[in-house]
Amino acid sequence: MKKIIIAIDGHSSTGKSTVAKKLAKTLNYKYVDTGAMYRTVTLYALRNNLISVAEVEENKLISALNDININFEYNPEENSNDVFLNGENVENEIRKMHVSDHVSAIAKIDKVREKLVAIQQEIGKDKGIVMDGRDIGSVVFPEAELKIFMTASAEVRAERRYQELKKKGENITFEEVFQNVKSRDEVDSSRANSPLIQAKDAIKVDNSEMSQDQQFELILNLAKERIKD
Ligand code: DC
């Protein structure tokens, strides 16, 4: 059967990774969470004091890029891939609020994007892959056979994220999460390099009022159509 590239882009906390993971499992495709890669570089920068209260030490981080080794390994318990930073499993650490608060500032640095886009293109070169992020359909794989652009209202997304973080025991208010979602939207959409935009040939899925099952069925059917073309 023909193998395709499925690019799932969209706003933060729209459930991109949930649908992308399920899709990859159903189709027996690889799954790559590119946000995890930007989060991992952010964690490295935080741990190496390259981010002060308001600013990233951009030049020092660029010089350190060769020291940042990112890879994914399958976690059978979760049935998904965990991200590793220089051999350490950082899957849980990168989801925490201190990383979320700084990741947009890291993701707008050209050299960081260059490095991560090259890794993503290498991982996906044989197709049979579902990749989620912000620029997959527009920059990483402009030739992807299926491009989905997922969105939902900022309130709905913040509520979903808030419930997730509470479940993990983070001490946080809805308002803090809501502000983080809105500020990431703003930075992600307005940055000069690879801003979050809907690719011309992407299909928009607004899931504010859709169940996870409904959106999964919708996207799976689109994928099946492309695979049999
Ligand atoms: O998908 P996420 O929320 O884990 O992504 C974390 C941040 O990384 C998000 O604020 C935008 C950035 N990102 C990006 O710029 N390009 C990607 N392909 C994926 C994520």
# chains A, B, ... in the order shown; residues from 1 in each chain; ligands from 1
call {"tool": "residues_near_ligand", "arguments": {"ligand": "ligand 1", "cutoff": "7 Å", "atoms": "only C-alpha atoms and all ligand atoms", "output": "ChimeraX atom specification"}}
result
/A:12-13,34-36,38-39,100,103-104,107-108,132-136,184,188
call {"tool": "write_last_selection", "arguments": {"atoms": "N, CA, C and O atoms", "output": "compact mmCIF listing (two decimals), in the first residue's frame"}}
result
# COMPACT_ATOMS: atom_id res chain seq x y z
N SER A 12 -1.71 25.52 19.88
CA SER A 12 -1.33 24.66 21.00
C SER A 12 -2.58 24.14 21.72
O SER A 12 -3.64 24.79 21.70
N SER A 13 -2.44 22.97 22.32
CA SER A 13 -3.53 22.34 23.08
C SER A 13 -4.81 22.13 22.27
O SER A 13 -5.90 22.34 22.76
N THR A 34 6.90 17.12 17.04
CA THR A 34 8.00 18.08 16.86
C THR A 34 8.03 19.12 17.98
O THR A 34 9.08 19.68 18.28
N GLY A 35 6.87 19.37 18.61
CA GLY A 35 6.85 20.30 19.75
C GLY A 35 7.77 19.79 20.86
O GLY A 35 8.43 20.57 21.54
N ALA A 36 7.84 18.46 21.01
CA ALA A 36 8.70 17.87 22.04
C ALA A 36 10.16 18.24 21.77
O ALA A 36 10.95 18.40 22.70
N TYR A 38 11.27 21.11 20.29
CA TYR A 38 11.48 22.51 20.70
C TYR A 38 11.50 22.60 22.24
O TYR A 38 12.26 23.37 22.82
N ARG A 39 10.65 21.80 22.88
CA ARG A 39 10.63 21.79 24.34
C ARG A 39 11.96 21.27 24.91
O ARG A 39 12.44 21.73 25.94
N SER A 100 7.03 25.30 29.12
CA SER A 100 6.00 25.94 28.27
C SER A 100 6.14 27.46 28.25
O SER A 100 5.94 28.11 27.23
N VAL A 103 9.19 28.21 25.73
CA VAL A 103 9.44 27.49 24.48
C VAL A 103 9.23 28.36 23.23
O VAL A 103 9.96 28.23 22.25
N SER A 104 8.28 29.30 23.28
CA SER A 104 8.06 30.12 22.08
C SER A 104 9.27 30.99 21.77
O SER A 104 9.60 31.22 20.60
N ALA A 107 11.67 28.73 20.07
CA ALA A 107 11.22 28.25 18.76
C ALA A 107 11.29 29.33 17.68
O ALA A 107 11.13 29.04 16.51
N LYS A 108 11.55 30.57 18.09
CA LYS A 108 11.65 31.60 17.04
C LYS A 108 13.09 31.85 16.60
O LYS A 108 13.35 32.68 15.73
N ASP A 132 3.37 15.98 13.97
CA ASP A 132 2.57 17.14 14.38
C ASP A 132 3.45 18.29 14.83
O ASP A 132 4.58 18.08 15.29
N GLY A 133 2.95 19.51 14.61
CA GLY A 133 3.74 20.70 14.95
C GLY A 133 3.03 21.97 14.53
O GLY A 133 1.81 22.10 14.68
N ARG A 134 3.81 22.92 14.02
CA ARG A 134 3.24 24.20 13.59
C ARG A 134 3.53 24.48 12.11
O ARG A 134 2.82 25.23 11.47
N ASP A 135 4.64 23.91 11.62
CA ASP A 135 5.13 24.27 10.28
C ASP A 135 5.37 23.01 9.44
O ASP A 135 6.15 23.03 8.51
N ILE A 136 4.72 21.91 9.79
CA ILE A 136 5.03 20.66 9.09
C ILE A 136 4.52 20.74 7.64
O ILE A 136 5.27 20.44 6.70
N ARG A 184 1.34 32.12 23.75
CA ARG A 184 2.02 31.25 22.77
C ARG A 184 1.40 31.41 21.38
O ARG A 184 2.10 31.44 20.37
N ASP A 188 3.76 32.42 18.40
CA ASP A 188 3.88 31.41 17.33
C ASP A 188 3.36 31.96 15.99
O ASP A 188 3.88 31.63 14.93
call {"tool": "residues_around", "arguments": {"residues": "range 62-73 of chain A", "least_positions_apart": "5", "cutoff": "7 Å", "atoms": "only C-alpha atoms", "output": "PyMOL selection string"}}
result
chain A and resi 81-86+111
call {"tool": "residues_around", "arguments": {"residues": "Glu57 in chain A", "least_positions_apart": "2", "cutoff": "12 Å", "atoms": "only C-alpha atoms", "output": "list in words"}}
result
Thr42, Ala45, Leu46, Asn48, Asn49, Leu50, Ile51, Ser52, Val53, Ala54, Glu55, Asn59, Lys60, Leu61, Ile62, Ser63, Ala64, Ala105, Ile106 and Ile109 of chain A
call {"tool": "write_last_selection", "arguments": {"atoms": "C-alpha atoms", "output": "PDB file, in the first residue's frame"}}
result
ATOM      1  CA  THR A  42      14.219  24.837  25.859  1.00  0.00           C
ATOM      2  CA  ALA A  45      18.678  26.206  27.676  1.00  0.00           C
ATOM      3  CA  LEU A  46      17.002  26.450  31.098  1.00  0.00           C
ATOM      4  CA  ASN A  48      22.399  25.671  31.235  1.00  0.00           C
ATOM      5  CA  ASN A  49      21.294  29.126  32.362  1.00  0.00           C
ATOM      6  CA  LEU A  50      20.869  30.375  28.823  1.00  0.00           C
ATOM      7  CA  ILE A  51      17.495  31.929  29.655  1.00  0.00           C
ATOM      8  CA  SER A  52      17.262  34.748  32.164  1.00  0.00           C
ATOM      9  CA  VAL A  53      13.946  36.238  33.292  1.00  0.00           C
ATOM     10  CA  ALA A  54      13.134  37.895  30.017  1.00  0.00           C
ATOM     11  CA  GLU A  55      15.774  36.902  27.507  1.00  0.00           C
ATOM     12  CA  ASN A  59      24.410  33.348  20.637  1.00  0.00           C
ATOM     13  CA  LYS A  60      25.468  30.999  23.427  1.00  0.00           C
ATOM     14  CA  LEU A  61      22.566  28.679  22.637  1.00  0.00           C
ATOM     15  CA  ILE A  62      23.462  28.669  18.937  1.00  0.00           C
ATOM     16  CA  SER A  63      27.058  27.749  19.817  1.00  0.00           C
ATOM     17  CA  ALA A  64      25.750  24.949  22.036  1.00  0.00           C
ATOM     18  CA  ALA A 105      11.143  32.306  22.628  1.00  0.00           C
ATOM     19  CA  ILE A 106      13.351  29.333  21.725  1.00  0.00           C
ATOM     20  CA  ILE A 109      15.454  31.319  16.782  1.00  0.00           C
TER      21      ILE A 109
END
call {"tool": "atom_distance", "arguments": {"atom1": "CA of Ser138 in chain A", "atom2": "CA of Ala199 in chain A"}}
result
5.3 Å
call {"tool": "residues_around", "arguments": {"residues": "Arg157 in chain A", "least_positions_apart": "3", "cutoff": "6 Å", "atoms": "only C-alpha atoms", "output": "VMD selection string"}}
result
chain A and resid 13 to 14 154 160
call {"tool": "write_last_selection", "arguments": {"atoms": "C-alpha atoms", "output": "mmCIF file, in the first residue's frame"}}
result
data_model
loop_
_atom_site.group_PDB
_atom_site.id
_atom_site.type_symbol
_atom_site.label_atom_id
_atom_site.label_comp_id
_atom_site.auth_asym_id
_atom_site.auth_seq_id
_atom_site.Cartn_x
_atom_site.Cartn_y
_atom_site.Cartn_z
ATOM 1 C CA SER A 13 -3.529 22.344 23.078
ATOM 2 C CA THR A 14 -5.839 21.371 20.232
ATOM 3 C CA ALA A 154 -8.496 29.655 23.282
ATOM 4 C CA ARG A 160 -8.246 21.057 28.339
#
call {"tool": "residues_around", "arguments": {"residues": "Asp126 in chain A", "least_positions_apart": "3", "cutoff": "10 Å", "atoms": "only C-alpha atoms", "output": "ChimeraX atom specification"}}
result
/A:3-5,121-123,129
call {"tool": "select_by_dssp", "arguments": {"residues": "range 69-173 of chain A", "states": "alpha helix (DSSP H)", "output": "JSON, numbers by chain"}}
result
{"A": [97, 98, 99, 100, 101, 102, 103, 104, 105, 106, 107, 110, 111, 112, 113, 114, 115, 116, 117, 118, 119, 120, 121, 122, 123, 154, 155, 156, 157, 158, 159, 160, 161, 162, 163, 164, 165, 166, 167]}
call {"tool": "write_last_selection", "arguments": {"atoms": "N, CA and C atoms", "output": "short mmCIF file (atom, residue, chain, number, x, y, z; two decimals), in the first residue's frame"}}
result
data_model
loop_
_atom_site.label_atom_id
_atom_site.label_comp_id
_atom_site.auth_asym_id
_atom_site.auth_seq_id
_atom_site.Cartn_x
_atom_site.Cartn_y
_atom_site.Cartn_z
N MET A 97 5.24 23.49 33.20
CA MET A 97 4.97 24.90 32.88
C MET A 97 6.23 25.74 32.66
N HIS A 98 7.32 25.45 33.40
CA HIS A 98 8.51 26.31 33.25
C HIS A 98 9.07 26.17 31.83
N VAL A 99 8.88 25.00 31.22
CA VAL A 99 9.32 24.83 29.83
C VAL A 99 8.32 25.53 28.90
N SER A 100 7.03 25.30 29.12
CA SER A 100 6.00 25.94 28.27
C SER A 100 6.14 27.46 28.25
N ASP A 101 6.53 28.02 29.40
CA ASP A 101 6.64 29.48 29.49
C ASP A 101 7.73 30.04 28.58
N HIS A 102 8.74 29.24 28.24
CA HIS A 102 9.87 29.78 27.47
C HIS A 102 10.00 29.22 26.06
N VAL A 103 9.19 28.21 25.73
CA VAL A 103 9.44 27.49 24.48
C VAL A 103 9.23 28.36 23.23
N SER A 104 8.28 29.30 23.28
CA SER A 104 8.06 30.12 22.08
C SER A 104 9.27 30.99 21.77
N ALA A 105 9.95 31.46 22.83
CA ALA A 105 11.14 32.31 22.63
C ALA A 105 12.26 31.49 21.98
N ILE A 106 12.32 30.20 22.31
CA ILE A 106 13.35 29.33 21.72
C ILE A 106 12.97 28.97 20.28
N ALA A 107 11.67 28.73 20.07
CA ALA A 107 11.22 28.25 18.76
C ALA A 107 11.29 29.33 17.68
N ASP A 110 16.15 31.22 14.44
CA ASP A 110 16.34 30.59 13.12
C ASP A 110 17.21 29.33 13.18
N LYS A 111 18.36 29.43 13.88
CA LYS A 111 19.31 28.30 13.88
C LYS A 111 18.72 27.08 14.59
N VAL A 112 17.90 27.33 15.59
CA VAL A 112 17.25 26.22 16.29
C VAL A 112 16.29 25.53 15.32
N ARG A 113 15.52 26.33 14.59
CA ARG A 113 14.55 25.76 13.63
C ARG A 113 15.28 24.99 12.53
N GLU A 114 16.37 25.57 12.06
CA GLU A 114 17.15 24.91 10.99
C GLU A 114 17.58 23.51 11.43
N LYS A 115 18.11 23.44 12.65
CA LYS A 115 18.60 22.15 13.15
C LYS A 115 17.44 21.15 13.29
N LEU A 116 16.33 21.60 13.90
CA LEU A 116 15.24 20.66 14.17
C LEU A 116 14.50 20.27 12.89
N VAL A 117 14.35 21.21 11.96
CA VAL A 117 13.68 20.88 10.68
C VAL A 117 14.50 19.81 9.93
N ALA A 118 15.84 19.95 9.96
CA ALA A 118 16.68 18.97 9.26
C ALA A 118 16.50 17.57 9.87
N ILE A 119 16.42 17.50 11.19
CA ILE A 119 16.21 16.20 11.85
C ILE A 119 14.84 15.64 11.45
N GLN A 120 13.83 16.50 11.43
CA GLN A 120 12.47 16.04 11.10
C GLN A 120 12.39 15.53 9.66
N GLN A 121 13.07 16.24 8.75
CA GLN A 121 13.04 15.80 7.34
C GLN A 121 13.73 14.45 7.18
N GLU A 122 14.81 14.26 7.95
CA GLU A 122 15.53 12.98 7.88
C GLU A 122 14.63 11.85 8.41
N ILE A 123 13.97 12.09 9.55
CA ILE A 123 13.12 11.04 10.14
C ILE A 123 11.98 10.66 9.18
N ALA A 154 -9.56 29.60 22.25
CA ALA A 154 -8.50 29.65 23.28
C ALA A 154 -9.04 29.17 24.63
N GLU A 155 -10.30 29.49 24.95
CA GLU A 155 -10.88 29.06 26.24
C GLU A 155 -10.96 27.54 26.32
N VAL A 156 -11.45 26.92 25.24
CA VAL A 156 -11.59 25.46 25.23
C VAL A 156 -10.21 24.81 25.37
N ARG A 157 -9.21 25.35 24.67
CA ARG A 157 -7.86 24.76 24.71
C ARG A 157 -7.24 24.91 26.10
N ALA A 158 -7.44 26.11 26.71
CA ALA A 158 -6.86 26.34 28.05
C ALA A 158 -7.52 25.41 29.06
N GLU A 159 -8.82 25.21 28.94
CA GLU A 159 -9.52 24.32 29.88
C GLU A 159 -8.99 22.88 29.77
N ARG A 160 -8.77 22.42 28.54
CA ARG A 160 -8.25 21.06 28.34
C ARG A 160 -6.86 20.92 28.96
N ARG A 161 -6.02 21.92 28.71
CA ARG A 161 -4.64 21.90 29.21
C ARG A 161 -4.61 21.97 30.74
N TYR A 162 -5.50 22.83 31.28
CA TYR A 162 -5.60 23.01 32.73
C TYR A 162 -5.96 21.68 33.40
N GLN A 163 -6.92 20.98 32.83
CA GLN A 163 -7.34 19.69 33.41
C GLN A 163 -6.18 18.68 33.35
N GLU A 164 -5.45 18.69 32.25
CA GLU A 164 -4.30 17.78 32.09
C GLU A 164 -3.23 18.06 33.15
N LEU A 165 -2.90 19.37 33.32
CA LEU A 165 -1.84 19.74 34.27
C LEU A 165 -2.26 19.45 35.70
N LYS A 166 -3.55 19.68 36.00
CA LYS A 166 -4.05 19.40 37.36
C LYS A 166 -3.91 17.91 37.67
N LYS A 167 -4.25 17.09 36.65
CA LYS A 167 -4.16 15.64 36.83
C LYS A 167 -2.72 15.23 37.16
#
call {"tool": "residues_around", "arguments": {"residues": "Gly137 in chain A", "least_positions_apart": "4", "cutoff": "10 Å", "atoms": "only C-alpha atoms", "output": "PDB file with N, CA and C atoms, in the first residue's frame"}}
result
ATOM      1  N   ILE A   5       2.822  11.036   3.785  1.00  0.00           N
ATOM      2  CA  ILE A   5       3.196  11.885   4.925  1.00  0.00           C
ATOM      3  C   ILE A   5       1.933  12.615   5.379  1.00  0.00           C
ATOM      4  N   ILE A   6       1.657  12.530   6.668  1.00  0.00           N
ATOM      5  CA  ILE A   6       0.496  13.240   7.224  1.00  0.00           C
ATOM      6  C   ILE A   6       1.022  14.334   8.152  1.00  0.00           C
ATOM      7  N   ALA A   7       0.739  15.585   7.796  1.00  0.00           N
ATOM      8  CA  ALA A   7       1.203  16.730   8.582  1.00  0.00           C
ATOM      9  C   ALA A   7       0.024  17.265   9.392  1.00  0.00           C
ATOM     10  N   ILE A   8       0.198  17.321  10.699  1.00  0.00           N
ATOM     11  CA  ILE A   8      -0.877  17.851  11.547  1.00  0.00           C
ATOM     12  C   ILE A   8      -0.359  19.089  12.267  1.00  0.00           C
ATOM     13  N   ASP A   9      -0.799  20.253  11.804  1.00  0.00           N
ATOM     14  CA  ASP A   9      -0.370  21.509  12.411  1.00  0.00           C
ATOM     15  C   ASP A   9      -1.560  22.150  13.114  1.00  0.00           C
ATOM     16  N   MET A 131       3.352  13.494  11.523  1.00  0.00           N
ATOM     17  CA  MET A 131       4.182  14.447  12.261  1.00  0.00           C
ATOM     18  C   MET A 131       3.297  15.602  12.705  1.00  0.00           C
ATOM     19  N   ASP A 132       3.367  15.985  13.973  1.00  0.00           N
ATOM     20  CA  ASP A 132       2.571  17.141  14.382  1.00  0.00           C
ATOM     21  C   ASP A 132       3.454  18.287  14.831  1.00  0.00           C
ATOM     22  N   GLY A 133       2.953  19.513  14.606  1.00  0.00           N
ATOM     23  CA  GLY A 133       3.737  20.705  14.951  1.00  0.00           C
ATOM     24  C   GLY A 133       3.028  21.973  14.528  1.00  0.00           C
ATOM     25  N   PHE A 141       7.455  19.550   5.409  1.00  0.00           N
ATOM     26  CA  PHE A 141       7.035  18.701   4.291  1.00  0.00           C
ATOM     27  C   PHE A 141       5.947  19.397   3.476  1.00  0.00           C
ATOM     28  N   PRO A 142       6.335  20.396   2.675  1.00  0.00           N
ATOM     29  CA  PRO A 142       5.311  21.099   1.883  1.00  0.00           C
ATOM     30  C   PRO A 142       4.635  20.161   0.880  1.00  0.00           C
ATOM     31  N   GLU A 143       5.284  19.002   0.605  1.00  0.00           N
ATOM     32  CA  GLU A 143       4.707  18.055  -0.352  1.00  0.00           C
ATOM     33  C   GLU A 143       3.874  16.967   0.344  1.00  0.00           C
ATOM     34  N   ALA A 144       3.607  17.129   1.644  1.00  0.00           N
ATOM     35  CA  ALA A 144       2.838  16.102   2.372  1.00  0.00           C
ATOM     36  C   ALA A 144       1.500  15.846   1.676  1.00  0.00           C
ATOM     37  N   GLU A 145       1.128  14.566   1.607  1.00  0.00           N
ATOM     38  CA  GLU A 145      -0.099  14.194   0.889  1.00  0.00           C
ATOM     39  C   GLU A 145      -1.359  14.609   1.649  1.00  0.00           C
ATOM     40  N   LEU A 146      -1.266  14.656   2.990  1.00  0.00           N
ATOM     41  CA  LEU A 146      -2.431  15.108   3.772  1.00  0.00           C
ATOM     42  C   LEU A 146      -1.963  16.130   4.795  1.00  0.00           C
ATOM     43  N   LYS A 147      -2.613  17.296   4.764  1.00  0.00           N
ATOM     44  CA  LYS A 147      -2.272  18.356   5.727  1.00  0.00           C
ATOM     45  C   LYS A 147      -3.538  18.748   6.496  1.00  0.00           C
ATOM     46  N   ILE A 148      -3.430  18.675   7.805  1.00  0.00           N
ATOM     47  CA  ILE A 148      -4.557  19.047   8.655  1.00  0.00           C
ATOM     48  C   ILE A 148      -4.143  20.264   9.469  1.00  0.00           C
ATOM     49  N   PHE A 149      -5.047  21.240   9.589  1.00  0.00           N
ATOM     50  CA  PHE A 149      -4.774  22.388  10.455  1.00  0.00           C
ATOM     51  C   PHE A 149      -5.827  22.386  11.564  1.00  0.00           C
ATOM     52  N   ILE A 197       0.906  29.148  10.341  1.00  0.00           N
ATOM     53  CA  ILE A 197      -0.113  29.558   9.368  1.00  0.00           C
ATOM     54  C   ILE A 197      -0.735  28.292   8.794  1.00  0.00           C
ATOM     55  N   GLN A 198      -1.958  28.460   8.314  1.00  0.00           N
ATOM     56  CA  GLN A 198      -2.591  27.311   7.679  1.00  0.00           C
ATOM     57  C   GLN A 198      -2.072  27.229   6.246  1.00  0.00           C
ATOM     58  N   ALA A 199      -1.434  26.101   5.887  1.00  0.00           N
ATOM     59  CA  ALA A 199      -0.943  25.944   4.505  1.00  0.00           C
ATOM     60  C   ALA A 199      -2.163  26.008   3.567  1.00  0.00           C
ATOM     61  N   LYS A 200      -1.928  26.494   2.360  1.00  0.00           N
ATOM     62  CA  LYS A 200      -3.045  26.701   1.412  1.00  0.00           C
ATOM     63  C   LYS A 200      -3.852  25.423   1.189  1.00  0.00           C
ATOM     64  N   ASP A 201      -3.150  24.311   1.108  1.00  0.00           N
ATOM     65  CA  ASP A 201      -3.841  23.052   0.818  1.00  0.00           C
ATOM     66  C   ASP A 201      -4.142  22.230   2.077  1.00  0.00           C
ATOM     67  N   ALA A 202      -4.127  22.897   3.246  1.00  0.00           N
ATOM     68  CA  ALA A 202      -4.444  22.161   4.481  1.00  0.00           C
ATOM     69  C   ALA A 202      -5.952  22.182   4.739  1.00  0.00           C
TER      70      ALA A 202
END
call {"tool": "closest_residue", "arguments": {"among": "A:Ala152, A:Val139, A:Ile227, A:Met210", "to": "Pro195 in chain A", "atoms": "only C-alpha atoms"}}
result
A:Val139
call {"tool": "decode", "arguments": {"residues": "range 119-143 of chain A", "atoms": "N, CA, C and O atoms", "output": "mmCIF file, in the first residue's frame"}}
result
data_model
loop_
_atom_site.group_PDB
_atom_site.id
_atom_site.type_symbol
_atom_site.label_atom_id
_atom_site.label_comp_id
_atom_site.auth_asym_id
_atom_site.auth_seq_id
_atom_site.Cartn_x
_atom_site.Cartn_y
_atom_site.Cartn_z
ATOM 1 N N ILE A 119 16.419 17.502 11.192
ATOM 2 C CA ILE A 119 16.214 16.196 11.852
ATOM 3 C C ILE A 119 14.836 15.639 11.451
ATOM 4 O O ILE A 119 14.684 14.463 11.125
ATOM 5 N N GLN A 120 13.830 16.503 11.433
ATOM 6 C CA GLN A 120 12.467 16.045 11.100
ATOM 7 C C GLN A 120 12.389 15.531 9.664
ATOM 8 O O GLN A 120 11.766 14.500 9.387
ATOM 9 N N GLN A 121 13.068 16.240 8.754
ATOM 10 C CA GLN A 121 13.037 15.802 7.338
ATOM 11 C C GLN A 121 13.734 14.453 7.182
ATOM 12 O O GLN A 121 13.292 13.609 6.410
ATOM 13 N N GLU A 122 14.808 14.261 7.945
ATOM 14 C CA GLU A 122 15.530 12.984 7.884
ATOM 15 C C GLU A 122 14.632 11.853 8.412
ATOM 16 O O GLU A 122 14.515 10.797 7.786
ATOM 17 N N ILE A 123 13.967 12.093 9.548
ATOM 18 C CA ILE A 123 13.124 11.037 10.138
ATOM 19 C C ILE A 123 11.982 10.665 9.181
ATOM 20 O O ILE A 123 11.581 9.512 9.101
ATOM 21 N N GLY A 124 11.465 11.664 8.422
ATOM 22 C CA GLY A 124 10.271 11.402 7.602
ATOM 23 C C GLY A 124 10.553 11.071 6.150
ATOM 24 O O GLY A 124 9.626 10.889 5.360
ATOM 25 N N LYS A 125 11.848 10.937 5.796
ATOM 26 C CA LYS A 125 12.163 10.853 4.361
ATOM 27 C C LYS A 125 11.587 9.618 3.672
ATOM 28 O O LYS A 125 11.328 9.643 2.475
ATOM 29 N N ASP A 126 11.359 8.538 4.436
ATOM 30 C CA ASP A 126 10.794 7.332 3.812
ATOM 31 C C ASP A 126 9.269 7.281 3.869
ATOM 32 O O ASP A 126 8.661 6.241 3.584
ATOM 33 N N LYS A 127 8.657 8.377 4.276
ATOM 34 C CA LYS A 127 7.190 8.483 4.401
ATOM 35 C C LYS A 127 6.637 7.483 5.421
ATOM 36 O O LYS A 127 7.396 6.937 6.213
ATOM 37 N N GLY A 128 5.315 7.246 5.391
ATOM 38 C CA GLY A 128 4.733 6.379 6.414
ATOM 39 C C GLY A 128 4.868 7.038 7.777
ATOM 40 O O GLY A 128 5.280 6.426 8.752
ATOM 41 N N ILE A 129 4.541 8.336 7.823
ATOM 42 C CA ILE A 129 4.786 9.088 9.054
ATOM 43 C C ILE A 129 3.654 10.085 9.332
ATOM 44 O O ILE A 129 3.068 10.649 8.405
ATOM 45 N N VAL A 130 3.357 10.242 10.616
ATOM 46 C CA VAL A 130 2.441 11.299 11.059
ATOM 47 C C VAL A 130 3.287 12.233 11.907
ATOM 48 O O VAL A 130 3.920 11.786 12.866
ATOM 49 N N MET A 131 3.352 13.494 11.523
ATOM 50 C CA MET A 131 4.182 14.447 12.261
ATOM 51 C C MET A 131 3.297 15.602 12.705
ATOM 52 O O MET A 131 2.544 16.130 11.892
ATOM 53 N N ASP A 132 3.367 15.985 13.973
ATOM 54 C CA ASP A 132 2.571 17.141 14.382
ATOM 55 C C ASP A 132 3.454 18.287 14.831
ATOM 56 O O ASP A 132 4.577 18.080 15.293
ATOM 57 N N GLY A 133 2.953 19.513 14.606
ATOM 58 C CA GLY A 133 3.737 20.705 14.951
ATOM 59 C C GLY A 133 3.028 21.973 14.528
ATOM 60 O O GLY A 133 1.805 22.100 14.678
ATOM 61 N N ARG A 134 3.815 22.920 14.021
ATOM 62 C CA ARG A 134 3.241 24.199 13.586
ATOM 63 C C ARG A 134 3.533 24.481 12.114
ATOM 64 O O ARG A 134 2.825 25.233 11.466
ATOM 65 N N ASP A 135 4.641 23.911 11.624
ATOM 66 C CA ASP A 135 5.128 24.266 10.282
ATOM 67 C C ASP A 135 5.370 23.015 9.441
ATOM 68 O O ASP A 135 6.152 23.034 8.506
ATOM 69 N N ILE A 136 4.720 21.914 9.794
ATOM 70 C CA ILE A 136 5.029 20.659 9.090
ATOM 71 C C ILE A 136 4.523 20.736 7.637
ATOM 72 O O ILE A 136 5.267 20.435 6.702
ATOM 73 N N GLY A 137 3.278 21.175 7.473
ATOM 74 C CA GLY A 137 2.720 21.255 6.113
ATOM 75 C C GLY A 137 3.256 22.450 5.335
ATOM 76 O O GLY A 137 3.275 22.437 4.100
ATOM 77 N N SER A 138 3.721 23.476 6.030
ATOM 78 C CA SER A 138 4.176 24.676 5.313
ATOM 79 C C SER A 138 5.679 24.655 5.023
ATOM 80 O O SER A 138 6.108 25.145 3.986
ATOM 81 N N VAL A 139 6.490 24.089 5.913
ATOM 82 C CA VAL A 139 7.954 24.180 5.767
ATOM 83 C C VAL A 139 8.649 22.808 5.727
ATOM 84 O O VAL A 139 9.465 22.543 4.843
ATOM 85 N N VAL A 140 8.327 21.951 6.684
ATOM 86 C CA VAL A 140 9.089 20.694 6.813
ATOM 87 C C VAL A 140 8.757 19.760 5.646
ATOM 88 O O VAL A 140 9.662 19.250 4.976
ATOM 89 N N PHE A 141 7.455 19.550 5.409
ATOM 90 C CA PHE A 141 7.035 18.701 4.291
ATOM 91 C C PHE A 141 5.947 19.397 3.476
ATOM 92 O O PHE A 141 4.767 19.023 3.555
ATOM 93 N N PRO A 142 6.335 20.396 2.675
ATOM 94 C CA PRO A 142 5.311 21.099 1.883
ATOM 95 C C PRO A 142 4.635 20.161 0.880
ATOM 96 O O PRO A 142 3.546 20.457 0.397
ATOM 97 N N GLU A 143 5.284 19.002 0.605
ATOM 98 C CA GLU A 143 4.707 18.055 -0.352
ATOM 99 C C GLU A 143 3.874 16.967 0.344
ATOM 100 O O GLU A 143 3.451 16.003 -0.315
#
